[in-house]
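To start, the structure itself, in C-alpha cells.
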Amino acid sequence: MIESALAEDEGRAPRPADLRRIGIDPDFWYPVAQSRSVPPNKVIAASFAGRRMAVFRSASGAVAALEDRCAHRQVPLSMGVVEGETLRCCYHAWAYRGNGRISQIPYLTRETERPPRGVTAYPTRESGGLVFVFPGDPAKAATTPLPSFPQLRSGTHKVMRFSRTVHCHYSFMHENLLDMNHQFLHRGVLGKIRPDLLGYESGPGFVEARYRFTSDGGRKDRGAGLLSAEGIGGRESPDVLTIRTGYPYQTLELVPDGETETAFSLWVAYVPVDAAQRTCHVQGMLMIRKPRFAAALTLAWPFMRRFTERVFAEDRMAVEAEQRAWDEQGEDRNNEIFPLILELREVLRTSGVPIDPAASPCGGAAGSGTACGTVVPS
Amino acid sequence: MIESALAEDEGRAPRPADLRRIGIDPDFWYPVAQSRSVPPNKVIAASFAGRRMAVFRSASGAVAALEDRCAHRQVPLSMGVVEGETLRCCYHAWAYRGNGRISQIPYLTRETERPPRGVTAYPTRESGGLVFVFPGDPAKAATTPLPSFPQLRSGTHKVMRFSRTVHCHYSFMHENLLDMNHQFLHRGVLGKIRPDLLGYESGPGFVEARYRFTSDGGRKDRGAGLLSAEGIGGRESPDVLTIRTGYPYQTLELVPDGETETAFSLWVAYVPVDAAQRTCHVQGMLMIRKPRFAAALTLAWPFMRRFTERVFAEDRMAVEAEQRAWDEQGEDRNNEIFPLILELREVLRTSGVPIDPAASPCGGAAGSGTACGTVVPS
Amino acid sequence: MIESALAEDEGRAPRPADLRRIGIDPDFWYPVAQSRSVPPNKVIAASFAGRRMAVFRSASGAVAALEDRCAHRQVPLSMGVVEGETLRCCYHAWAYRGNGRISQIPYLTRETERPPRGVTAYPTRESGGLVFVFPGDPAKAATTPLPSFPQLRSGTHKVMRFSRTVHCHYSFMHENLLDMNHQFLHRGVLGKIRPDLLGYESGPGFVEARYRFTSDGGRKDRGAGLLSAEGIGGRESPDVLTIRTGYPYQTLELVPDGETETAFSLWVAYVPVDAAQRTCHVQGMLMIRKPRFAAALTLAWPFMRRFTERVFAEDRMAVEAEQRAWDEQGEDRNNEIFPLILELREVLRTSGVPIDPAASPCGGAAGSGTACGTVVPS
C-alpha cells in the first residue's frame with residue numbers, strides 16, 4: 001500500500017535505528033514537577049521513563065525524590081505522609097529519610113526478619129521554579145550543568161509556565177518546534193505566515209535554526225499579535241526566530257526586527273513518562289521581557305495565555321496523530337525531506353540510549369506481565 | 001469444561017479453517033460511507049479491514065479515497081482540508097490529487113530531499129447513495145460489478161438507511177440473518193413467530209433460503225405489523241421471506257402471501273473495519289414499495305424506523321456476545337446443527353482470504369507494536 | 001534501581017514460587033452470589049477464576065450453576081430466560097435443565113445435525129444466605145464441608161453482608177487482614193491504635209493469630225466505637241482479636257476484654273474472578289451479637305455500616321496498589337519481615353494450585369487471543 005512512498009528509501013543502506021525507539025539519555029537533569037506543587041509536608045507522584053518517583057518536601061523545606069515503592073510491599077510512597085524530615089508509607093507505616101534509608105519500622109522486634117535498607121533516592125535540585133532530578137548515574141550529577149534562568153532573577157521578565165502530558169515520543173516534540181513549515185497547522189490562530197529558513201548550524205548535541213516570519217495576511221488571533229513584537233515592542237514584523245535543540249532541552253528566542261535583545265524566549269523540556277517513552281510530560285517556561293509600560297503586559301497576559309494554549313493544542317493534535325501512526329505501523333515510515341530536521345534526527349539519535357524492547361507502552365514502568373500487554377505462548 | 005460439548009466433533013477430520021479467521025475478499029466493491037456524509041469540499045475518515053482511508057469530495061464534486069497517511073509524516077490526511085481538486089495535509093501542508101499523487105509541497109527547494117510520489121488511491125464509485133471503494137487489485141475494479149439499485153431510481157420505493165458499527169466478525173452477521181430460528185431473540189418486538197424453512201439452494205458464492213413466517217400470537221410491536229403485508233398491503237400473513245448471501249452482500253425480500261411482487265427488500269454489506277476483522281461497519285438499505293396510498297407509508301415511517309432499530313439492537317447484542325466468546329475461547333467452538341448455516345459457512349470460508357495472524361484486534365490497522373497489544377519476550 | 005532492596009534476598013535459595021501466580025484450590029465450596037440476588041425464575045452471571053457461570057433459580061426454587069455458554073453458539077446462558085425448571089438461551093431458544101443437559105431445541109428435525117448433549121453443571125448449595133458452587137472435581141463435592149453459620153439460625157446475631165469486587169490476587173486480602181500492623185492505614189477512621197501480637201499458631205491449611213488492640217488516642221470514627229465492646233457491651237478496651245485463615249476462608253473474632261463470648265465475628269471468602277486471578281470478589285458476613293437492648297444495635301447499624309465501608313475502602317486502595325505494583329514489576333518483590341505473614345504465605349502457597357500461565361488478566365476467561373492481549377510474532 002505504501003510501496004510507492006517507500007521506494008525512495010531503497011538506495012540508502014544500512015537503515016539507521018528507529019528514532020522512536022531511542023530513549024532519552026538519563027544522564028541529564030530533568031524537571032519532574034513545579035516547585036510550587038510540592039509545598040512543605042507534601043508528597044506527589046512523578047515519573048521518568050517508567051521509573052516512578054515520590055517527590056516530597058520535608059517540614060524544613062528540603063526536596064527529595066525517592067523510588068515510588070515501599071521496600072516492604074511495593075505500595076507507592078507517594079500515597080504516604082510526610083512526617084518532619086521523613087516520608088512514611090501509608091500501609092504499615094515504614095518511614096524513609098530523604099536519602100532513601102529506612103528510619104523506622106514501628107513493629108520491628110527481635111522476632112521480625114532483617115528489613116531491607118531502603119529505596120533508591122535520586123539527586124534532586126531546584127532551579128527556575130522547577131524540581132529537577134538526575135535519573136542517571138548519580139556520580140555524574142554534580143558535574144552535569146543544571147539549567148539556569150538568570151532572566152527570572154533579574155526581574156526584567158515575566159514567566160508563563162506550562163505543564164502538560166502529551167502522548168508521543170519526545171522526538172516528535174523537537175521536530176515539531178524546529179520545523180516551522182508546520183505553520184499551516186496554526187493558520188486559524190496565526191493567520192497566513194510564511195516562514196523562511198535563514199540558516200542553521202549543528203554540532204555535538206545541538207541544532208540551531210534561524211527563521212524569518214513574514215505575515216501573508218489572513219485571520220490572526222489577538223494574542224499572536226501581542227506575543228510578536230508589534231504588541232509588546234510597538235514595532236512591525238518581520239521578526240527573527242531562533243530555535244535550538246540543546247540536548248535534551250529546547251529553546252526558542254524571538255528578536256524583533258531591528259532590535260538586538262530578545263522580546264521573549266521559551267525554554268522547554270520533554271520528560272518521558274513511561275518506560276516505552278511513548279508519552280512525555282512537557283515542562284515549559286515562556287519568559288517575556290517586560291515592556292516600558294509593564295501594565296500593558298499584565299493586560300495582555302490572558303490573551304497571550306489563550307493564544308499559547310490554542311497553538312499548543314494544535315501541536316498536540318498533530319504529534320499525537322504521528323505517535324498513533326507509529327504505533328499502528330510498528331516503525332518509523334516518515335519520508336523526511338527537510339535537511340534541518342534530518343540533522344536534528346541524527347542529533348537525537350546519537351545523543352540517546354536504546355529503549356528496553358520489553359518496555360510496556362501502557363503502564364508507567366518497565367517489566368513484563370503488565371495488565372495491558374499480555375504475553376501468551378503462540 | 002466443554003469436553004462434553006466438543007465430543008460430537010471428534011468424528012470429523014481434518015477440521016476446517018476457523019471461519020472467524022477468514023478475511024473478506026478485497027476484490028469486491030465495498031461501501032465505506034454514505035454519499036451525503038461527504039459533501040463537496042469535505043474529507044472524512046473511513047476504513048476497510050485496517051486500511052485507513054481519507055474519503056474526500058473536491059470542489060467539482062469528484063469523490064476520491066486515499067490512504068489515510070500523509071507520505072511525509074504519516075499524519076491522517078482525513079485531518080486535512082480540501083482545496084479545489086486537492087486534499088492538503090493539516091500539518092506541513094503537502095497537497096494531494098485524487099489519484100494520490102503529490103501536487104504541491106510549499107517549502108520544496110533545491111536543498112530539500114527528493115519527496116515521495118504520493119500515497120495509494122483506491123478506485124471509488126457511487127451507487128444508491130453510497131460511496132464504494134475497491135480495496136483489492138485495482139486491475140479487477142473495472143470488471144467487478146458495482147451493486148445497483150434500480151428500485152431507487154424508479155420512484156416506486158422509499159429507502160431507510162442504516163449505518164452502524166458492530167463489534168463482531170462479518171460472518172456472525174451473515175449467520176444471524178440467514179438463520180431465522182433466532183426469532184426467539186425478538187419475541188418482545190415481533191411476538192411469537194414460527195419460522196418454517198421452505199427450502200434453500202446454494203452455489204459458488206451464494207446461499208439462498210426461503211422461509212414462511214406464521215404468527216403464534218403474543219405481544220407484537222406496531223412497527224412489525226406495518227412492515228409486514230397487513231399494514232402496507234392490507235392483507236393477512238403468512239408471508240414468504242427470501243434471504244440470500246450473494247457474496248459479499250446479503251439481501252432479504254418479503255413477498256406477501258398471494259402476491260408476486262416484493263413488499264420490501266433489504267440490501268446490506270458488512271465492511272470489516274480493523275485488520276483482525278473483529279469489527280464491521282454495517283451499511284444497509286431497507287427499500288419499501290410505496291403503497292397505493294403513499295401517505296400511509298409516511299405516517300408509518302417513524303414506527304417502522306423504531307421497530308427496525310429495536311430488532312437491530314437485539315441482533316447486535318447477540319452477535320457481539322458471540323464475538324466476545326470467540327475472543328475468550330480463542331477459536332470457534334460452535335456446534336452448528338442447521339444444514340443451511342453449515343452451507344453458508346462453507347460459502348464464506350471458500351470465498352474469503354486468510355487474515356494476517358499478526359493483525360491487531362485493537363487498532364484499525366495491521367502491524368505489530370500497537371499500543372494495545374505488546375509483545376515482550378517470554 | 002532496587003538492587004539495594006533485593007540484596008537481602010541473595011542468601012535464600014531456591015526461591016519459592018511467586019505467591020501471586022498461585023491459583024486458589026478449586027476443590028472447595030465458593031460463594032458466587034447472594035441467595036437473595038437469585039429469586040425464582042431469575043438467572044444471573046457469576047464467575048470463578050475465569051469460568052463463567054449462569055446461576056439460575058427455577059420456578060420451584062432449585063438453584064443451579066451452568067457453564068455460561070450455550071453449547072450451540074457460545075452465547076452466555078445468563079442472557080437467557082428461566083422457563084419452569086429450564087434455562088432457555090436468548091438466541092435460538094435452546095433449553096437446558098439444571099444438570100446441564102439440553103431439554104429442547106425448537107427446530108430440531110431429521111435434517112439437522114446431531115446436537116451436543118449439553119454444558120457443564122457445577123454442584124451448587126446454599127448456606128448462610130449465599131449460593132456456593134464447587135468448581136473442582138465434582139466427586140469431591142459431597143465430602144467437602146460446606147461452611148455453616150449456626151449463629152444466623154439461633155437468632156442471637158444480626159448480619160451485615162458485603163459483596164465487592166477488588167482488583168487484586170486473593171492472597172493480598174489474606175495478608176491485609178492478618179497483618180494488623182497496617183492500622184496506620186485506618187488512622188483517620190480508627191484513631192491511633194497499637195496492635196500487639198499476642199501469639200499465633202499454624203498448621204496444614206491454617207494460620208491463626210491473636211492481637212490485643214490498645215487505643216493510643218487520636219480521632220476515631222463513631223462507628224468504630226460502636227463496633228468495639230464499649231459501644232455494644234458498655235465496657236472499656238483493650239479487646240482481643242482472633243484472626244484466622246482457614247483455607248480458603250478467613251475469619252475474625254472479637255472477644256471484649258474480660259468476656260469469653262465473641263462480640264462480633266467476620267466470615268469472608270475471596271473468590272477469584274478472572275483466569276489470571278488478579279481480581280477477586282469478596283463475599284463477607286459480619287455477624288454481631290445482639291446486646292441486651294437490641295434496639296441499640298438497630299440504632300447503631302448505619303454508623304457501623306459507614307465505618308466498615310470506610311475501612312474497606314482504605315484496604316481496597318492499599319491492596320489494589322500492591323497488585324498494580326506486581327503487574328508492573330512482573331513478579332513479587334515484597335520484602336516481608338513479619339513471621340506471621342511469612343507463615344501465612346507458606347500456607348497459601350502450599351494449599352493452592354498453579355495458575356495457567358496463558359491466563360489473560362483482562363478477560364474473564366482463560367485462552368489466548370483475547371481482545372486485550374494480542375500476540376504478534378516478534
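All residue names refer to the C-alpha cells as shown: chains lettered A, B, ... in order, residues numbered from 1 in each chain, ligands numbered from 1 in order.
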**Report entry** chain C contacts to chain A at 6 Å (only C-alpha atoms) as a PyMOL selection string
**Finding:** chain C and resi 5+181-182+185+321-322+327-330+334-335+337-338+358+373
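Taking only C-alpha atoms, the non-local environment of Leu297 (chain B) within 9 Å (same-chain residues fewer than 2 positions away omitted) comprises Lys158, Leu226, Ile232, Ile288, Lys290, Pro291, Phe293, Ala294, Ala295, Leu299, Ala300 and Trp301 of chain B.
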Query raised in the report: What lies within 9 Å of region 137-153 of chain B using only C-alpha atoms, ignoring chain neighbours under 6 positions off, as a ChimeraX atom specification?
Result: /B:26-30,122-123,125-128,159,287,289
Please write the residues from the selection above to a file, keeping N, CA and C atoms, as a PDB file, in the first residue's frame.
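The new file result-v7.pdb reads:
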ATOM      1  N   PRO B  26     -10.965  -8.823  -0.704  1.00  0.00           N
ATOM      2  CA  PRO B  26     -10.930  -7.392  -1.026  1.00  0.00           C
ATOM      3  C   PRO B  26     -11.284  -7.079  -2.475  1.00  0.00           C
ATOM      4  N   ASP B  27     -11.380  -8.106  -3.330  1.00  0.00           N
ATOM      5  CA  ASP B  27     -11.670  -7.854  -4.744  1.00  0.00           C
ATOM      6  C   ASP B  27     -13.159  -7.691  -5.023  1.00  0.00           C
ATOM      7  N   PHE B  28     -13.795  -6.867  -4.197  1.00  0.00           N
ATOM      8  CA  PHE B  28     -15.200  -6.506  -4.410  1.00  0.00           C
ATOM      9  C   PHE B  28     -15.353  -5.019  -4.100  1.00  0.00           C
ATOM     10  N   TRP B  29     -16.482  -4.476  -4.478  1.00  0.00           N
ATOM     11  CA  TRP B  29     -16.784  -3.071  -4.149  1.00  0.00           C
ATOM     12  C   TRP B  29     -17.419  -3.025  -2.768  1.00  0.00           C
ATOM     13  N   TYR B  30     -16.862  -2.222  -1.873  1.00  0.00           N
ATOM     14  CA  TYR B  30     -17.396  -2.107  -0.511  1.00  0.00           C
ATOM     15  C   TYR B  30     -17.817  -0.668  -0.191  1.00  0.00           C
ATOM     16  N   TYR B 122      -7.559   4.525  -3.942  1.00  0.00           N
ATOM     17  CA  TYR B 122      -8.426   3.382  -4.207  1.00  0.00           C
ATOM     18  C   TYR B 122      -9.471   3.759  -5.253  1.00  0.00           C
ATOM     19  N   PRO B 123      -9.755   2.834  -6.184  1.00  0.00           N
ATOM     20  CA  PRO B 123     -10.871   3.085  -7.105  1.00  0.00           C
ATOM     21  C   PRO B 123     -12.139   3.381  -6.304  1.00  0.00           C
ATOM     22  N   ARG B 125     -16.394   4.668  -6.533  1.00  0.00           N
ATOM     23  CA  ARG B 125     -17.605   4.926  -7.321  1.00  0.00           C
ATOM     24  C   ARG B 125     -18.783   5.145  -6.383  1.00  0.00           C
ATOM     25  N   GLU B 126     -19.838   5.708  -6.916  1.00  0.00           N
ATOM     26  CA  GLU B 126     -21.035   5.905  -6.099  1.00  0.00           C
ATOM     27  C   GLU B 126     -22.222   5.181  -6.715  1.00  0.00           C
ATOM     28  N   SER B 127     -23.056   4.617  -5.851  1.00  0.00           N
ATOM     29  CA  SER B 127     -24.258   3.923  -6.307  1.00  0.00           C
ATOM     30  C   SER B 127     -25.230   3.878  -5.135  1.00  0.00           C
ATOM     31  N   GLY B 128     -26.494   4.160  -5.423  1.00  0.00           N
ATOM     32  CA  GLY B 128     -27.525   4.064  -4.383  1.00  0.00           C
ATOM     33  C   GLY B 128     -27.244   4.930  -3.173  1.00  0.00           C
ATOM     34  N   VAL B 159     -36.645   4.583   0.808  1.00  0.00           N
ATOM     35  CA  VAL B 159     -35.490   3.894   1.390  1.00  0.00           C
ATOM     36  C   VAL B 159     -35.200   4.357   2.827  1.00  0.00           C
ATOM     37  N   MET B 287     -35.576  -1.035   1.426  1.00  0.00           N
ATOM     38  CA  MET B 287     -36.338  -0.388   0.357  1.00  0.00           C
ATOM     39  C   MET B 287     -37.770  -0.882   0.399  1.00  0.00           C
ATOM     40  N   ARG B 289     -41.688  -0.780  -0.915  1.00  0.00           N
ATOM     41  CA  ARG B 289     -42.580  -0.413  -2.036  1.00  0.00           C
ATOM     42  C   ARG B 289     -43.661   0.530  -1.536  1.00  0.00           C
TER      43      ARG B 289
END
Query raised in the report: Contacts of region 33-46 of chain B at 7 Å or less, counting only C-alpha atoms, minus same-chain residues fewer than 6 places along, as an MDAnalysis selection string?
Result: chainID B and resid 52:59 61 78 81:82 129:131
Query raised in the report: For His174 (chain B), which residue among B:Pro256, B:Pro31, B:Pro204, B:Pro248 is the nearest when counting only C-alpha atoms?
Result: B:Pro248
Query raised in the report: Residues at most 12 Å from Ser265 (chain B), counting only C-alpha atoms, excluding those fewer than 2 positions away in the same chain, as JSON, numbers by chain?
Result: {"B": [149, 151, 152, 157, 158, 159, 160, 227, 228, 240, 241, 242, 243, 244, 250, 251, 252, 253, 254, 255, 256, 261, 262, 263, 267, 268, 284, 285, 286, 287, 288, 289]}
Requested in this report: Rounded to one decimal place, report the CA of Ser215 (chain B)-CA of Leu342 (chain B) distance in Å.
Outcome: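 If I compute the distance from CA of Ser215 (chain B) to CA of Leu342 (chain B), I get 26.8 Å.
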Query raised in the report: Using only C-alpha atoms, which residues sit within 7 Å of Ala95 (chain B) once same-chain residues fewer than 5 positions away are excluded, as number ranges by chain?
Result: B: 86-89, 102-105
